[in-house]
Amino acid sequence: MSALLHIAKKEIRIAFRERLIVFLGIIIMVLLGISLFAGFVSYEQQKEIITKTENDKRQEWLNQGDKHPHIAAHYGTFAFKPKTVLSLFDFGLDAYTGTSVYLEAHNQHEFMFRPAQDHSSMIRFGELSSSLVLQVLLPLLIIFLSFSSYTKEKESGTLKLLMSQGVSANAITWGKILAYCIILLIMLMPFFVGLILIANATANNDSLPDVASRTALLITIYAIYLFLVITIAVWISMKSLTGRNALLTLLTFWTFFVILMPKTVANLSESFYPLPSMREFKAGIEESKLNGLDGQTPRSVRMAELETEYLEKYKVDSLSQLPFNFEGVSMQAGEDYGNMVYDHHYEGIRAIFSKQNRLGSIASIFNPFIATQHLSMSLSGTDLHTFNHFENEVEEYRRMLVRRMNNDMAENSKYGEFYEYAAGEELWEEIDGFYYTAPTFFFALRPYYLELLSLLAWVVFTIFLLKRSNKKLKPIHG
Amino acid sequence: MDNRVKTLIRYEWKSFIRNKFQLLLLCITFGFGIYGIYYGNAEIEAQRETIRIVTALEESEFAQYRASFDNTNSSPDLEQIHDIAAQPSFAWFRHGYHAIIHPHDYASLAIGQRDLFRYYYRLTGMSLHYQLFENELANPVNLMAGNFDLSFVIIYLFPLIIIAFCYGLFSSEKENGTLPLLQIQTMSIQKITLIRLGFYFVIITGLALLISFLGLLYSGNVLAQGNLLAALVWLLAVLVYCSFWFGLLFLIIGLRKNSAFNAISAAGCWIFLLIIIPSVLNVLVTVKYPLNSSTLAGLTRRTGLENENDQEESREVIREFLAYRPDLEGTDSLIQNNLMPKAYAAYTTLKGMESQKVVDDYNEQVERRSKWTSKFHWLSPSVSLQEVFSQTTETDLATLVRFQNALSDFHGEITDFYFTRLFWDKPILEKDYDNLPQFSMPQTADKWRPILTSLAGVSLYTICLFSVGLIQMRRRIEGVK
């Protein structure tokens with residue numbers, strides 16, 4: 001045990017002697033600081049903008065004046081995607097998902113304005129976030145730090161000396177790993193403390209629940225990820241004959257796992273499961289609304305059926321004899337049918353998305369970087385599942401609003417009249433404002449079981465690898 | 001050529017073809033390049049297909065209108081179509097025209113921002129801003145991952161190949177103990193290193209040019225108008241970019257440190273130029289110029305006249321509109337006949353004018369952002385090159401914004417076409433269908449100047465790197481002596 005600690009101590013001392021490494025370490029710490037600061041500022045800015053706009057739109061809704069409920073349903077309102085507090089850590093998809101949507105009767109609108117559209121093509125290089133530093137840059141520092149951990153001992157012959165003194169390969173390996181873990185811990189401690197403080201201090205009034213447990217798991221995930229990088233780097237150093245080879249191998253791995261594979265998987269998924277264009281998607285919805293989902297029950301037939309149903313149910317001869325305004329009922333029936341049609345078509349799109357993203361999840365089994373990226377976005381509430389959840393809640397709200405308007409019309413206006421009836425602020429107030437709460441911790445993680453499994457499997461796998469190689473280690477210089 | 005140089009190159013070639021790992025690396029890069037070309041073409045072909053579909057839809061829509069004129073045997077359905085075809089009060093908000101930005105033949109080599117923006121719009125005479133902000137369907141996960149096109153291969157992968165081939169050119173001789181053998185040659189070690197670097201320059205840059213050339217051949221006719229210059233600029237850009245990285249490597253090698261140092265510094269530079277600089281700039285610009293797109297969202301709200309039945313209100317709106325468009329003013333019948341459609345047309349136009357201010361204001365902010373960032377592109381030649389590639393293939397932000405701005409002119413043409421007939425109470429005639437509004441994408445005054453400026457900048461970098469490298473190497477060698 002003491003040998004292990006001695007080795008760790010020696011490794012740390014050597015690392016701090018390498019000026020290039022210390023320099024890179026400082027750069028990474030500075031970048032972490034900048035990213036946390038910029039993430040925080042951007043979060044606060046967007047939060048302020050969204051809160052203000054939401055209030056404005058709420059006032060517009062309440063003060064729209066007296067009008068017919070159906071006109072109010074068309075006047076509609078807007079929903080804005082709130083930034084989650086942990087987006088200051090991981091921007092995730094925030095630049096690529098739409099940010100606002102118009103809610104009105106009859107039509108589902110898509111989310112507008114992807115923030116990346118307001119950038120030049122440079123945005124495709126990525127935005128600096130803490131997660132980018134931890135996922136992409138820190139592994140490189142680890143590589144630079146540890147590629148020569150074994151090769152140096154081999155090249156200078158010290159490995160022979162160590163082993164001849166009875167130090168086990170196990171102690172050497174784990175001593176080195178421990179040393180790198182301690183170095184990273186020293187580097188990252190201030191950052192994580194800062195993250196915990198900022199996240200929990202600003203978590204009030206945020207759309208993200210369970211911020212504390214999310215942060216705790218985030219830190220755990222990154223600890224596992226970085227531990228994996230360290231063990232793999234040490235293992236490759238152990239297996240390489242020269243430092244040059246170890247470095248080259250590690251850099252090749254890094255390029256493949258971090259740069260090439262994620263992009264290739266995403267692009268392949270696009271080729272395997274192509275999306276229709278917006279025009280086709282909308283045309284499909286229009287067609288189904290016009291001629292029915294089965295293509296054989298046009299709107300006129302559906303309306304006639306509804307009329308007969310109501311006439312028979314209330315045993316009256318004409319629609320004007322009904323105890324409520326049938327137009328409100330037929331309007332809502334049209335709305336319900338439209339919703340069904342939309343759900344049908346939109347589910348098709350969602351299914352394509354989920355097939356595409358499924359490939360990414362499967363790829364994460366082979367690539368801990370992808371696994372970490374997905375888990376990090378999910379915990380930060382900036383992944384696609386959270387966005388879909390938000391979309392669903394918004395659509396739910398829209399339907400509630402329109403239904404309430406149609407019911408009011410059915411209850412309070414007369415058949416055949418339109419402009420004669422106007423509702424007022426009382427009705428508008430019955431509709432609560434839209435406030436979003438993201439899914440809970442467990443719900444957020446559920447779609448990512450493959451990613452979680454992947455990380456655990458990688459840990460077991462690398463420990464096994466090290467164990468086996470430790471046994472075989474011979475102190476010879478190739 | 002000097003015999004010694006020939007010998008040197010011959011031996012370099014021998015050791016090059018013996019190194020299976022290096023050959024494999026080149027093959028893999030070639031494979032990625034081909035995949036990039038294929039992927040980019042598939043993406044852009046999908047866009048072309050969509051364009052074909054929407055164009056066909058538009059053609060059949062208008063063919064239907066046209067046909068309705070010579071129909072003698074009428075049915076209620078046909079009459080309805082004829083009404084839409086001939087009466088401006090229906091036609092102005094029903095007739096849809098597509099504004100399309102066709103992909104440049106080489107857009108497939110550098111997709112740029114083209115996957116993020118709409119490349120076609122269907123516009124009617126209705127308020128422009130109802131029709132402007134809808135996005136194309138896209139999986140955000142894949143948008144974030146970006147495109148594996150040829151520009152990606154050249155900008156990201158080729159520097160890595162250059163690093164892998166060259167970082168040990170000098171240091172490995174030292175480490176293998178062959179350096180003293182080289183030093184006793186009549187040729188200076190500096191010259192030997194340069195020649196060997198030149199050898200790899202020819203091979204790697206040659207590969208980059210070869211892949212590019214294949215991409216250019218595959219993606220369009222190189223000799224076609226608008227293509228030839230683009231193709232030449234593309235090849236020039238590849239040449240300049242590879243030279244830059246060789247210059248950088250030369251400088252690093254010239255420091256005469258060990259292989260590990262060289263590899264770490266070169267990889268560090270790569271990270272710095274390709275990840276750190278652009279990502280820091282991106283986050284800074286987001287924070288420095290926060291944008292509030294929710295102001296635009298408000299414009300999409302569908303509003304109308306307060307009370308459609310109130311004729312006086314309708315006339316009021318029409319008069320307000322005519323104050324801006326005195327050319328449409330006609331006889332008194334203007335505000336007597338067909339009041340409702342006119343009032344709506346007037347209302348949406350007035351609203352559109354209001355909205356345009358908000359949009360202009362927003363676009364100005366985007367412009368400010370993009371100006372600010374372009375001031376810093378020079379910090380990273382990789383960022384400059386990405387911009388050069390997307391400018392050359394017309395997939396950059398400026399082109400796409402130009403397209404969006406052109407929409408409002410086109411929309412003006414559409415409304416003019418219908419409103420002159422609507423407000424003068426004239427029907428649309430069959431012969432009017434020969435002169436329908438047509439969208440044309442405005443060309444930029446000077447496409448090539450910013451591109452050449454950027455390339456000149458990167459070339460300047462390269463020259464500096466080589467000069468400093470040379471001076472440094474000389475100094476170090478003298479130090480050894």
# chains A, B, ... in the order shown; residues from 1 in each chain; ligands from 1
$ select_by_dssp --residues "segment 56-305 of chain B" --states "strand (DSSP E or B)" --output "JSON, numbers by chain"
{"B": [97, 98, 99, 100, 120, 121, 122, 123]}
$ write_last_selection --atoms "C-alpha atoms" --output "tab-separated table (two decimals), in the first residue's frame"
chain	number	residue	atom	x	y	z
B	97	TYR	CA	-45.53	31.38	-55.13
B	98	HIS	CA	-42.32	29.67	-54.18
B	99	ALA	CA	-39.22	31.63	-53.46
B	100	ILE	CA	-36.35	29.20	-53.70
B	120	TYR	CA	-37.86	27.53	-50.02
B	121	TYR	CA	-40.91	29.52	-48.99
B	122	ARG	CA	-44.44	29.50	-50.30
B	123	LEU	CA	-45.66	33.05	-50.26
$ residues_around --residues "segment 459-467 of chain A" --least-positions-apart "6" --cutoff "9 Å" --atoms "only C-alpha atoms" --output "JSON list (two decimals) with N, CA and C atoms, in the first residue's frame"
[["chain", "number", "residue", "atom", "x", "y", "z"],
["A", 170, "ASN", "N", 0.56, -4.11, -9.90],
["A", 170, "ASN", "CA", -0.69, -3.53, -9.41],
["A", 170, "ASN", "C", -0.47, -2.19, -8.73],
["A", 173, "THR", "N", 0.59, 0.53, -11.30],
["A", 173, "THR", "CA", -0.53, 0.99, -12.12],
["A", 173, "THR", "C", -1.49, 1.86, -11.32],
["A", 224, "ILE", "N", -16.78, 9.37, -13.44],
["A", 224, "ILE", "CA", -16.61, 8.05, -14.07],
["A", 224, "ILE", "C", -15.94, 8.20, -15.43],
["A", 225, "TYR", "N", -16.44, 9.17, -16.21],
["A", 225, "TYR", "CA", -15.91, 9.38, -17.56],
["A", 225, "TYR", "C", -14.41, 9.67, -17.52],
["A", 227, "PHE", "N", -12.32, 9.10, -15.08],
["A", 227, "PHE", "CA", -11.61, 7.93, -14.56],
["A", 227, "PHE", "C", -11.35, 6.94, -15.70],
["A", 228, "LEU", "N", -12.37, 6.75, -16.55],
["A", 228, "LEU", "CA", -12.21, 5.86, -17.70],
["A", 228, "LEU", "C", -11.08, 6.31, -18.61],
["A", 231, "THR", "N", -7.76, 5.51, -16.96],
["A", 231, "THR", "CA", -7.37, 4.10, -16.97],
["A", 231, "THR", "C", -7.00, 3.64, -18.38],
["A", 232, "ILE", "N", -7.76, 4.10, -19.36],
["A", 232, "ILE", "CA", -7.45, 3.69, -20.74],
["A", 232, "ILE", "C", -6.08, 4.24, -21.15],
["A", 234, "VAL", "N", -3.53, 5.00, -19.22],
["A", 234, "VAL", "CA", -2.46, 4.27, -18.53],
["A", 234, "VAL", "C", -2.28, 2.89, -19.15],
["A", 235, "TRP", "N", -3.40, 2.27, -19.48],
["A", 235, "TRP", "CA", -3.33, 0.93, -20.06],
["A", 235, "TRP", "C", -2.58, 0.96, -21.40]]
$ closest_atom_pairs --of "chain A" --to "chain B" --cutoff "6 Å" --atoms "only C-alpha atoms" --output "CSV"
residue,atom,partner,partner_atom,distance
A:Ser42,CA,B:Val287,CA,5.6
A:Tyr96,CA,B:Pro140,CA,5.2
A:Thr97,CA,B:Pro140,CA,5.8
A:Met112,CA,B:Glu134,CA,5.8
A:Asp118,CA,B:Val366,CA,5.8
A:Ser120,CA,B:Leu397,CA,5.3
A:Ser121,CA,B:Gln113,CA,5.7
A:Gly126,CA,B:Ser279,CA,5.3
A:Glu127,CA,B:Ser279,CA,4.2
A:Leu128,CA,B:Ser279,CA,4.5
A:Lys263,CA,B:Ala145,CA,5.2
A:Ala266,CA,B:Asn142,CA,5.3
A:Met278,CA,B:Glu136,CA,5.4
$ write_last_selection --atoms "C-alpha atoms" --output "compact mmCIF listing (two decimals), in the first residue's frame"
# COMPACT_ATOMS: atom_id res chain seq x y z
CA SER A 42 -26.43 33.75 -20.76
CA TYR A 96 -30.82 23.91 -32.24
CA THR A 97 -34.30 23.51 -30.79
CA MET A 112 -39.71 28.85 -34.43
CA ASP A 118 -28.48 33.89 -35.65
CA SER A 120 -22.43 32.49 -38.81
CA SER A 121 -21.30 29.00 -39.79
CA GLY A 126 -19.55 24.45 -31.05
CA GLU A 127 -20.10 26.84 -28.17
CA LEU A 128 -17.83 26.85 -25.16
CA LYS A 263 -20.72 13.04 -36.38
CA ALA A 266 -25.60 11.28 -36.59
CA MET A 278 -42.09 20.46 -43.76
$ residues_around --residues "Asp56 of chain A" --least-positions-apart "5" --cutoff "12 Å" --atoms "only C-alpha atoms" --output "list of chain:residue names"
A:Ile49, A:Ile50, A:Thr51, A:Trp61, A:Leu62, A:Asn63, A:Gln64, A:Thr77, A:Phe78, A:Ala79, A:Phe80, A:Gly433, B:Ser294, B:Thr295, B:Gly298
$ select_by_dssp --residues "segment 170-266 of chain B" --states "alpha helix (DSSP H)" --output "PyMOL selection string"
chain B and resi 171-176+179-183+189-219+228-254+259-266
$ closest_residue --among "A:Trp254, A:His345, A:Ile259, A:Glu335" --to "Leu138 of chain A" --atoms "only C-alpha atoms"
A:Trp254
$ closest_atom_pairs --of "segment 316-402 of chain A" --to "segment 84-89 of chain A" --cutoff "8 Å" --atoms "only C-alpha atoms" --output "CSV"
residue,atom,partner,partner_atom,distance
A:Leu379,CA,A:Leu86,CA,7.9
A:Ser380,CA,A:Leu86,CA,4.7
A:Gly381,CA,A:Thr84,CA,6.3
A:Thr382,CA,A:Ser87,CA,6.5
$ write_last_selection --atoms "N, CA and C atoms" --output "mmCIF file, in the first residue's frame"
data_model
loop_
_atom_site.group_PDB
_atom_site.id
_atom_site.type_symbol
_atom_site.label_atom_id
_atom_site.label_comp_id
_atom_site.auth_asym_id
_atom_site.auth_seq_id
_atom_site.Cartn_x
_atom_site.Cartn_y
_atom_site.Cartn_z
ATOM 1 N N LEU A 379 -29.429 15.273 -17.907
ATOM 2 C CA LEU A 379 -29.458 15.790 -16.536
ATOM 3 C C LEU A 379 -29.554 17.311 -16.521
ATOM 4 N N SER A 380 -29.009 17.962 -17.542
ATOM 5 C CA SER A 380 -29.078 19.419 -17.594
ATOM 6 C C SER A 380 -30.415 19.900 -18.150
ATOM 7 N N GLY A 381 -31.227 18.959 -18.618
ATOM 8 C CA GLY A 381 -32.523 19.348 -19.184
ATOM 9 C C GLY A 381 -32.394 20.024 -20.534
ATOM 10 N N THR A 382 -31.353 19.685 -21.285
ATOM 11 C CA THR A 382 -31.179 20.306 -22.591
ATOM 12 C C THR A 382 -31.154 19.251 -23.698
#
$ atom_distance --atom1 "atom CA of Leu218 of chain A" --atom2 "atom CA of Leu375 of chain A"
7.9 Å
$ closest_residue --among "A:Gln45, A:Ser237, A:Ser318, A:Asn107" --to "Gly334 of chain A" --atoms "only C-alpha atoms"
A:Asn107
$ closest_residue --among "B:Gln131, B:Thr393, B:Thr29, B:Ser454" --to "Leu228 of chain B" --atoms "only C-alpha atoms"
B:Thr393
$ residues_around --residues "Phe113 of chain A" --least-positions-apart "3" --cutoff "7 Å" --atoms "only C-alpha atoms" --output "PyMOL selection string"
(chain A and resi 98-100) or (chain B and resi 293)
$ residues_around --residues "Glu316 of chain B" --least-positions-apart "6" --cutoff "12 Å" --atoms "only C-alpha atoms" --output "ChimeraX atom specification"
/B:305,310,322-323,335,339-340,342-344,346-347
$ write_last_selection --atoms "C-alpha atoms" --output "short mmCIF file (atom, residue, chain, number, x, y, z; two decimals), in the first residue's frame"
data_model
loop_
_atom_site.label_atom_id
_atom_site.label_comp_id
_atom_site.auth_asym_id
_atom_site.auth_seq_id
_atom_site.Cartn_x
_atom_site.Cartn_y
_atom_site.Cartn_z
CA LEU B 305 -60.22 43.80 -37.98
CA ASP B 310 -68.46 47.43 -39.32
CA LEU B 322 -54.20 54.25 -49.53
CA ALA B 323 -52.30 57.05 -47.85
CA ILE B 335 -64.44 52.02 -51.09
CA LEU B 339 -65.15 46.01 -49.10
CA MET B 340 -64.16 43.10 -46.93
CA LYS B 342 -59.93 45.12 -49.62
CA ALA B 343 -60.06 45.91 -45.92
CA TYR B 344 -58.22 42.69 -45.14
CA ALA B 346 -55.12 46.81 -46.45
CA TYR B 347 -55.00 45.59 -42.87
#
